[in-house]
>>> print(open('coords-v9.txt').read())   # compact mmCIF, C-alpha atoms
# COMPACT_ATOMS: atom_id res chain seq x y z
CA MET U 29 0.00 0.00 0.00
CA ILE U 30 1.15 3.52 -0.72
CA GLY U 31 1.02 4.61 2.91
CA VAL U 32 -1.00 7.84 3.01
CA GLU U 33 0.48 9.74 5.96
CA ARG U 34 -1.86 12.71 6.07
CA VAL U 35 -3.73 15.24 3.99
CA ASP U 36 -1.34 18.10 3.30
CA TYR U 37 -4.06 20.40 2.03
CA VAL U 38 -7.47 20.67 0.46
CA ARG U 39 -7.68 22.99 -2.49
CA VAL U 40 -10.45 25.61 -2.38
CA PRO U 41 -10.87 27.19 -5.82
CA VAL U 42 -11.99 30.83 -5.84
CA THR U 43 -12.38 33.59 -8.40
CA ASP U 44 -11.23 36.63 -6.39
CA ILE U 45 -8.44 36.13 -3.88
CA GLU U 46 -9.11 39.33 -1.91
CA GLU U 47 -12.79 38.48 -1.42
CA ALA U 48 -11.77 34.98 -0.41
CA LYS U 49 -9.23 36.29 2.12
CA HIS U 50 -11.94 38.41 3.71
CA PHE U 51 -14.27 35.41 3.96
CA TYR U 52 -11.83 32.77 5.20
CA GLY U 53 -9.54 35.02 7.22
CA GLU U 54 -11.82 37.66 8.68
CA LEU U 55 -15.34 36.20 8.68
CA LEU U 56 -14.49 32.56 9.43
CA GLY U 57 -11.45 33.60 11.43
CA LEU U 58 -9.07 31.00 10.07
CA ARG U 59 -5.39 31.55 10.74
CA LEU U 60 -3.34 32.58 7.77
CA ASP U 61 -0.25 30.44 7.42
CA PRO U 62 2.64 32.93 7.64
CA ASN U 63 4.54 30.81 5.14
CA SER U 64 1.71 31.02 2.63
CA PRO U 65 3.66 31.29 -0.56
CA HIS U 66 1.88 33.34 -3.21
CA ASP U 67 -0.74 36.01 -3.79
CA ASP U 68 -2.85 33.54 -5.77
CA TRP U 69 -2.36 30.61 -3.36
CA VAL U 70 -3.21 31.48 0.24
CA GLU U 71 -3.10 28.82 2.93
CA TYR U 72 -5.34 28.89 5.99
CA GLU U 73 -5.12 26.53 8.94
CA ALA U 74 -8.46 24.97 9.86
CA GLY U 75 -7.40 23.03 12.94
CA ASN U 76 -6.32 19.69 11.57
CA VAL U 77 -5.85 20.52 7.91
CA THR U 78 -4.73 23.31 5.60
CA LEU U 79 -7.16 24.92 3.20
CA ALA U 80 -5.33 26.13 0.10
CA VAL U 81 -7.44 29.00 -1.20
CA MET U 82 -6.34 29.57 -4.77
CA THR U 83 -7.39 30.96 -8.12
CA PRO U 84 -7.59 28.33 -10.87
CA HIS U 85 -7.38 30.94 -13.63
CA THR U 86 -3.79 31.74 -12.58
CA HIS U 87 -2.98 28.03 -12.39
CA ASP U 88 -3.96 27.11 -15.93
CA TYR U 89 -7.37 25.65 -15.36
CA GLU U 90 -10.93 26.89 -15.17
CA PHE U 91 -12.74 27.66 -11.97
CA GLU U 92 -15.34 25.21 -10.82
CA ALA U 93 -16.90 25.45 -7.36
CA LEU U 94 -16.61 22.59 -4.90
CA PRO U 95 -19.73 20.43 -4.56
CA PRO U 96 -21.87 21.43 -1.55
CA ALA U 97 -20.56 20.42 1.87
CA THR U 98 -17.16 19.29 0.58
CA ILE U 99 -15.64 20.85 3.70
CA ALA U 100 -17.33 20.51 7.10
CA LEU U 101 -15.96 23.03 9.58
CA ARG U 102 -16.51 22.13 13.20
CA VAL U 103 -17.89 24.91 15.37
CA ALA U 104 -19.03 24.63 18.98
CA ASP U 105 -22.47 26.07 18.25
CA VAL U 106 -23.85 26.07 14.71
CA ALA U 107 -26.72 28.45 15.58
CA ALA U 108 -24.32 30.97 17.10
CA ALA U 109 -21.94 30.72 14.14
CA LYS U 110 -24.86 31.16 11.74
CA ALA U 111 -26.06 34.23 13.65
CA LYS U 112 -22.60 35.76 13.65
CA LEU U 113 -22.14 35.30 9.91
CA GLU U 114 -25.62 36.67 9.27
CA GLU U 115 -24.71 39.74 11.32
CA ALA U 116 -21.80 40.17 8.93
CA GLY U 117 -24.26 40.16 6.04
CA LEU U 118 -23.89 36.59 4.81
CA ASP U 119 -26.83 34.46 3.73
CA VAL U 120 -26.58 31.26 5.77
CA GLY U 121 -28.84 28.31 5.02
CA GLU U 122 -31.39 26.82 7.36
CA LEU U 123 -30.00 25.07 10.40
CA TRP U 124 -30.70 21.33 10.18
CA ASP U 125 -30.45 18.57 12.73
CA SER U 126 -29.84 15.02 11.51
CA GLY U 127 -30.36 13.47 14.93
CA LYS U 128 -26.59 13.10 15.29
CA CYS U 129 -25.28 16.47 14.21
CA ARG U 130 -26.32 19.98 13.33
CA GLY U 131 -25.30 21.90 10.27
CA ALA U 132 -25.87 24.95 8.15
CA GLY U 133 -24.40 25.82 4.77
CA VAL U 134 -22.82 29.10 3.83
CA SER U 135 -21.37 30.09 0.49
CA ASP U 136 -18.02 31.76 0.12
CA PRO U 137 -17.86 34.64 -2.39
CA ALA U 138 -16.94 32.21 -5.19
CA GLY U 139 -19.94 29.97 -4.52
CA ASN U 140 -18.24 27.15 -2.60
CA ARG U 141 -20.87 25.91 -0.16
CA ILE U 142 -19.10 25.39 3.16
CA LEU U 143 -20.77 23.40 5.94
CA LEU U 144 -20.79 24.70 9.51
CA HIS U 145 -21.01 21.47 11.48
CA HIS U 146 -21.24 20.09 14.97
CA ARG U 147 -21.74 16.44 15.88
CA TYR U 148 -23.23 16.03 19.33
CA ALA U 149 -24.06 12.32 19.30
CA PRO U 150 -21.43 9.80 20.38
CA TYR U 151 -20.12 7.34 17.80
CA PRO U 152 -21.45 3.77 17.71
CA ASP U 153 -18.56 2.64 19.92
CA GLY U 154 -19.59 5.18 22.56
CA SER U 155 -16.73 7.58 21.98
CA SER U 156 -17.32 11.27 21.51
CA PRO U 157 -16.14 13.32 18.54
CA ARG U 158 -12.48 14.05 19.22
CA MET G 20 -16.30 32.66 15.43
CA ASN G 21 -13.97 29.84 16.21
CA VAL G 22 -13.51 27.03 13.71
CA GLU G 23 -12.11 24.12 15.71
CA ARG G 24 -11.23 21.69 12.93
CA VAL G 25 -12.39 20.11 9.72
CA ASP G 26 -14.78 17.33 10.73
CA PHE G 27 -14.72 15.78 7.28
CA VAL G 28 -13.94 16.36 3.65
CA SER G 29 -16.60 14.95 1.37
CA PHE G 30 -16.42 13.45 -2.11
CA LEU G 31 -19.51 12.38 -4.02
CA THR G 32 -19.85 9.04 -5.78
CA GLN G 33 -22.21 7.42 -8.24
CA ASP G 34 -21.23 3.93 -7.14
CA ILE G 35 -20.48 3.42 -3.47
CA GLN G 36 -19.11 -0.12 -3.88
CA ARG G 37 -16.76 0.96 -6.66
CA ALA G 38 -15.59 3.85 -4.47
CA LYS G 39 -15.09 1.48 -1.56
CA ARG G 40 -12.85 -0.79 -3.65
CA PHE G 41 -10.81 2.18 -4.81
CA TYR G 42 -10.26 3.84 -1.45
CA THR G 43 -9.69 0.65 0.53
CA ASP G 44 -8.09 -1.80 -1.92
CA VAL G 45 -6.16 0.65 -4.11
CA LEU G 46 -5.32 3.53 -1.75
CA GLY G 47 -5.39 1.43 1.41
CA LEU G 48 -7.44 3.77 3.58
CA PRO G 49 -9.12 2.24 6.65
CA ILE G 50 -12.90 2.44 6.95
CA GLU G 51 -14.24 4.31 9.98
CA SER G 52 -17.89 3.62 9.30
CA GLU G 53 -20.10 2.68 6.39
CA GLY G 54 -23.74 2.59 5.41
CA GLU G 55 -25.69 1.81 2.26
CA SER G 56 -24.96 5.13 0.58
CA ASP G 57 -21.99 6.53 2.42
CA MET G 58 -18.78 5.67 4.20
CA GLU G 59 -16.13 7.41 6.19
CA LEU G 60 -12.46 6.65 5.74
CA THR G 61 -9.42 7.60 7.76
CA CYS G 62 -7.18 9.70 5.57
CA GLY G 63 -4.36 10.55 7.93
CA GLN G 64 -5.66 13.27 10.26
CA VAL G 65 -8.77 13.88 8.17
CA THR G 66 -11.99 11.90 7.81
CA LEU G 67 -12.84 11.45 4.15
CA ASP G 68 -16.58 11.05 3.63
CA ILE G 69 -17.78 9.34 0.44
CA PHE G 70 -21.44 9.85 -0.26
CA ASP G 71 -23.92 8.89 -2.98
CA PRO G 72 -26.08 12.02 -3.42
CA SER G 73 -28.74 10.14 -5.38
CA SER G 74 -29.77 8.52 -2.08
CA ILE G 75 -31.30 11.86 -1.06
CA GLY G 76 -32.28 12.99 -4.54
CA GLN G 77 -29.35 15.31 -5.05
CA SER G 78 -27.17 15.55 -8.11
CA PHE G 79 -23.63 14.27 -8.48
CA SER G 80 -20.63 16.36 -9.41
CA PRO G 81 -16.95 15.47 -9.10
CA SER G 82 -14.81 17.57 -6.79
CA PRO G 83 -11.89 19.71 -7.96
CA ALA G 84 -10.63 19.85 -4.35
CA GLY G 85 -7.40 18.12 -5.26
CA LEU G 86 -6.94 16.40 -1.94
CA ALA G 87 -3.17 16.35 -1.38
CA LEU G 88 -2.25 12.94 0.02
CA ARG G 89 1.15 12.97 1.68
CA VAL G 90 3.24 9.92 0.86
CA SER G 91 6.89 9.30 1.62
CA ASP G 92 7.87 8.70 -2.00
CA VAL G 93 5.70 10.10 -4.79
CA ASP G 94 7.46 8.16 -7.55
CA ALA G 95 7.20 4.80 -5.76
CA SER G 96 3.56 5.39 -4.81
CA ARG G 97 2.71 6.43 -8.35
CA ALA G 98 4.31 3.29 -9.74
CA GLU G 99 2.35 1.21 -7.24
CA LEU G 100 -0.95 2.83 -8.19
CA GLU G 101 -0.20 2.58 -11.90
CA ALA G 102 0.43 -1.14 -11.45
CA LYS G 103 -3.10 -1.30 -10.03
CA GLY G 104 -4.52 0.44 -13.08
CA VAL G 105 -4.74 4.05 -11.85
CA VAL G 106 -4.22 6.51 -14.70
CA PHE G 107 -2.44 9.73 -13.78
CA ASP G 108 -3.10 13.16 -15.27
CA GLY G 109 0.23 13.89 -16.92
CA GLU G 110 3.76 13.69 -15.64
CA THR G 111 4.77 14.14 -12.01
CA ILE G 112 5.38 17.84 -11.30
CA GLU G 113 8.18 19.36 -9.25
CA THR G 114 7.23 22.86 -8.11
CA GLY G 115 10.45 23.76 -6.34
CA VAL G 116 8.99 23.02 -2.91
CA CYS G 117 7.14 19.79 -3.53
CA LYS G 118 6.45 16.92 -5.86
CA GLN G 119 2.90 16.31 -7.15
CA ALA G 120 1.31 13.49 -9.14
CA TRP G 121 -2.32 14.10 -10.07
CA PHE G 122 -4.99 11.46 -10.54
CA LYS G 123 -8.72 10.96 -10.12
CA ASP G 124 -10.87 8.45 -8.34
CA PRO G 125 -13.35 6.41 -10.44
CA ASP G 126 -15.93 9.21 -10.05
CA GLY G 127 -13.56 11.91 -11.27
CA ASN G 128 -12.76 13.47 -7.89
CA ALA G 129 -9.31 15.07 -8.06
CA LEU G 130 -6.53 13.77 -5.83
CA MET G 131 -2.79 14.00 -5.81
CA LEU G 132 0.19 12.24 -4.35
CA HIS G 133 2.17 14.96 -2.62
CA ARG G 134 5.45 15.40 -0.82
CA ARG G 135 7.09 18.61 0.25
CA PHE G 136 10.85 18.44 0.06
CA ASP G 137 11.09 19.83 3.61
CA ALA G 138 8.42 17.55 5.11
>>> encode(input="coords-v9.txt", output="structure tokens")
Amino acid sequence: MIGVERVDYVRVPVTDIEEAKHFYGELLGLRLDPNSPHDDWVEYEAGNVTLAVMTPHTHDYEFEALPPATIALRVADVAAAKAKLEEAGLDVGELWDSGKCRGAGVSDPAGNRILLHHRYAPYPDGSSPR
Amino acid sequence: MNVERVDFVSFLTQDIQRAKRFYTDVLGLPIESEGESDMELTCGQVTLDIFDPSSIGQSFSPSPAGLALRVSDVDASRAELEAKGVVFDGETIETGVCKQAWFKDPDGNALMLHRRFDA
């Protein structure tokens, strides 16, 4: 087997890097990696994994948004996070409850539908989300 | 607001059993949980969720997320996957800081074998 050690990053394609920096850095509050290399490739740390926010049109391919809920960001309180983003003027989707977790979708300026997520139910083995 | 972590990264599939064979038999990822239309796999520090959207009446589209899978040796891993029939998108790229080999899963979701030279 090839031995996958970890996910180094998840690519988040956007159309306008400044709008994206406002959304991911200021509104979501993700930490900008100080070693983020380029103006058209900006890396944010989302706890356990790096989100590489980048513009496809400067990397020789066409922009295409991520399918909905490709990235589930854990927040302590989905309702509170939704309210805070709505205060900032964002249109956040309805809060849903699956019986195991709560979620609400919000689109970044490029149209990537990000999921605000919190699992409250323990896993089948009794453990809690770590 | 405080984002604590990424709970999962999700890829869509049109054939959950085909996806299962690819991610477990070809890539060697362990299964965390599975149901009729979805499964969760351990992908290093990230949970990779594979989901059939037709099960809830939603449409399928492949992801351009380009999940960067860290491996110790991109060339050796590429050769191993090619021997299993995986077709790569072009030659392996060296960017100056890392090596990348791009490929897709059977549903067209973009992945890469990745290794930073300083990792």
>>> atom_distance(input="coords-v9.txt", atom1="atom CA of U:Asp61", atom2="atom CA of U:Glu73")
6.4 Å
>>> residues_around(input="coords-v9.txt", residues="U:Pro41", least_positions_apart="5", cutoff="9 Å", atoms="all atoms listed in the file", output="PyMOL selection string")
(chain U and resi 80-84+91-94+138+140) or (chain G and resi 83-84)
>>> write_last_selection(input="coords-v9.txt", atoms="C-alpha atoms", output="PDB file, in the frame of the given file")
ATOM      1  CA  ALA U  80      -5.330  26.130   0.100  1.00  0.00           C
ATOM      2  CA  VAL U  81      -7.440  29.000  -1.200  1.00  0.00           C
ATOM      3  CA  MET U  82      -6.340  29.570  -4.770  1.00  0.00           C
ATOM      4  CA  THR U  83      -7.390  30.960  -8.120  1.00  0.00           C
ATOM      5  CA  PRO U  84      -7.590  28.330 -10.870  1.00  0.00           C
ATOM      6  CA  PHE U  91     -12.740  27.660 -11.970  1.00  0.00           C
ATOM      7  CA  GLU U  92     -15.340  25.210 -10.820  1.00  0.00           C
ATOM      8  CA  ALA U  93     -16.900  25.450  -7.360  1.00  0.00           C
ATOM      9  CA  LEU U  94     -16.610  22.590  -4.900  1.00  0.00           C
ATOM     10  CA  ALA U 138     -16.940  32.210  -5.190  1.00  0.00           C
ATOM     11  CA  ASN U 140     -18.240  27.150  -2.600  1.00  0.00           C
TER      12      ASN U 140
ATOM     13  CA  PRO G  83     -11.890  19.710  -7.960  1.00  0.00           C
ATOM     14  CA  ALA G  84     -10.630  19.850  -4.350  1.00  0.00           C
TER      15      ALA G  84
END
>>> closest_atom_pairs(input="coords-v9.txt", of="chain G", to="chain U", cutoff="6 Å", atoms="all atoms listed in the file", output="tab-separated table")
residue	atom	partner	partner_atom	distance
G:Val22	CA	U:Val103	CA	5.1
G:Glu23	CA	U:Arg102	CA	5.4
G:Arg24	CA	U:Gly75	CA	4.1
G:Val25	CA	U:Leu101	CA	4.6
G:Asp26	CA	U:Ala100	CA	5.5
G:Phe27	CA	U:Ala100	CA	5.4
G:Val28	CA	U:Ile99	CA	4.8
G:Ser29	CA	U:Thr98	CA	4.4
G:Gly47	CA	U:Met29	CA	5.8
G:Gly63	CA	U:Arg34	CA	3.8
G:Gln64	CA	U:Arg34	CA	5.7
G:Ser82	CA	U:Leu94	CA	5.7
G:Ala84	CA	U:Arg39	CA	4.7
G:Gly85	CA	U:Arg39	CA	5.6
G:Leu86	CA	U:Val38	CA	4.9
G:Ala87	CA	U:Asp36	CA	5.3
G:Leu88	CA	U:Val35	CA	4.8
G:Arg89	CA	U:Arg34	CA	5.3
G:Val90	CA	U:Val32	CA	5.2
G:Ser96	CA	U:Ile30	CA	5.1
>>> atom_distance(input="coords-v9.txt", atom1="atom CA of G:Ile112", atom2="atom CA of U:Asp68")
18.6 Å
>>> residues_around(input="coords-v9.txt", residues="stretch 114-131 of chain G", least_positions_apart="4", cutoff="8 Å", atoms="only C-alpha atoms", output="list in words")
Phe30, Leu31, Thr32, Gln33, Arg37, Ala38, Phe41, Pro81, Ser82, Pro83, Ala84, Gly85, Leu86, Ala87, Leu88, Val93, Arg97, Val105, Val106, Phe107, Asp108, Gly109, Glu110, Arg135, Phe136 and Asp137 of chain G
>>> atom_distance(input="coords-v9.txt", atom1="atom CA of U:Thr43", atom2="atom CA of G:Ser80")
19.1 Å
>>> axis_aligned_box(input="coords-v9.txt", around="stretch 114-129 of chain U", padding_each_side="4 Å", output="JSON")
{"center_x": -26.6, "center_y": 26.6, "center_z": 9.5, "size_x": 17.6, "size_y": 35.1, "size_z": 19.6}
>>> closest_residue(input="coords-v9.txt", among="U:Val106, U:Asp125, U:Pro65, U:Val134", to="G:Met20", atoms="all atoms listed in the file")
U:Val106
>>> closest_residue(input="coords-v9.txt", among="U:Gly133, U:Gly121, U:Gly139, U:Pro62", to="U:Val42", atoms="only C-alpha atoms")
U:Gly139
>>> closest_residue(input="coords-v9.txt", among="G:Ala138, G:Val45, G:Ala98, G:Ile69", to="G:Asp57", atoms="all atoms listed in the file")
G:Ile69
>>> decode(input="coords-v9.txt", residues="stretch 88-110 of chain U", atoms="C-alpha atoms", output="PDB file, in the first residue's frame")
ATOM      1  CA  ASP U  88      -3.960  27.113 -15.926  1.00  0.00           C
ATOM      2  CA  TYR U  89      -7.374  25.652 -15.360  1.00  0.00           C
ATOM      3  CA  GLU U  90     -10.927  26.886 -15.170  1.00  0.00           C
ATOM      4  CA  PHE U  91     -12.743  27.664 -11.972  1.00  0.00           C
ATOM      5  CA  GLU U  92     -15.340  25.206 -10.820  1.00  0.00           C
ATOM      6  CA  ALA U  93     -16.904  25.449  -7.356  1.00  0.00           C
ATOM      7  CA  LEU U  94     -16.612  22.590  -4.898  1.00  0.00           C
ATOM      8  CA  PRO U  95     -19.730  20.427  -4.560  1.00  0.00           C
ATOM      9  CA  PRO U  96     -21.866  21.426  -1.551  1.00  0.00           C
ATOM     10  CA  ALA U  97     -20.557  20.424   1.869  1.00  0.00           C
ATOM     11  CA  THR U  98     -17.163  19.285   0.584  1.00  0.00           C
ATOM     12  CA  ILE U  99     -15.643  20.854   3.701  1.00  0.00           C
ATOM     13  CA  ALA U 100     -17.328  20.513   7.098  1.00  0.00           C
ATOM     14  CA  LEU U 101     -15.958  23.027   9.583  1.00  0.00           C
ATOM     15  CA  ARG U 102     -16.514  22.131  13.205  1.00  0.00           C
ATOM     16  CA  VAL U 103     -17.894  24.912  15.370  1.00  0.00           C
ATOM     17  CA  ALA U 104     -19.028  24.632  18.977  1.00  0.00           C
ATOM     18  CA  ASP U 105     -22.468  26.072  18.250  1.00  0.00           C
ATOM     19  CA  VAL U 106     -23.851  26.067  14.713  1.00  0.00           C
ATOM     20  CA  ALA U 107     -26.718  28.451  15.579  1.00  0.00           C
ATOM     21  CA  ALA U 108     -24.319  30.966  17.096  1.00  0.00           C
ATOM     22  CA  ALA U 109     -21.942  30.724  14.136  1.00  0.00           C
ATOM     23  CA  LYS U 110     -24.863  31.163  11.741  1.00  0.00           C
TER      24      LYS U 110
END
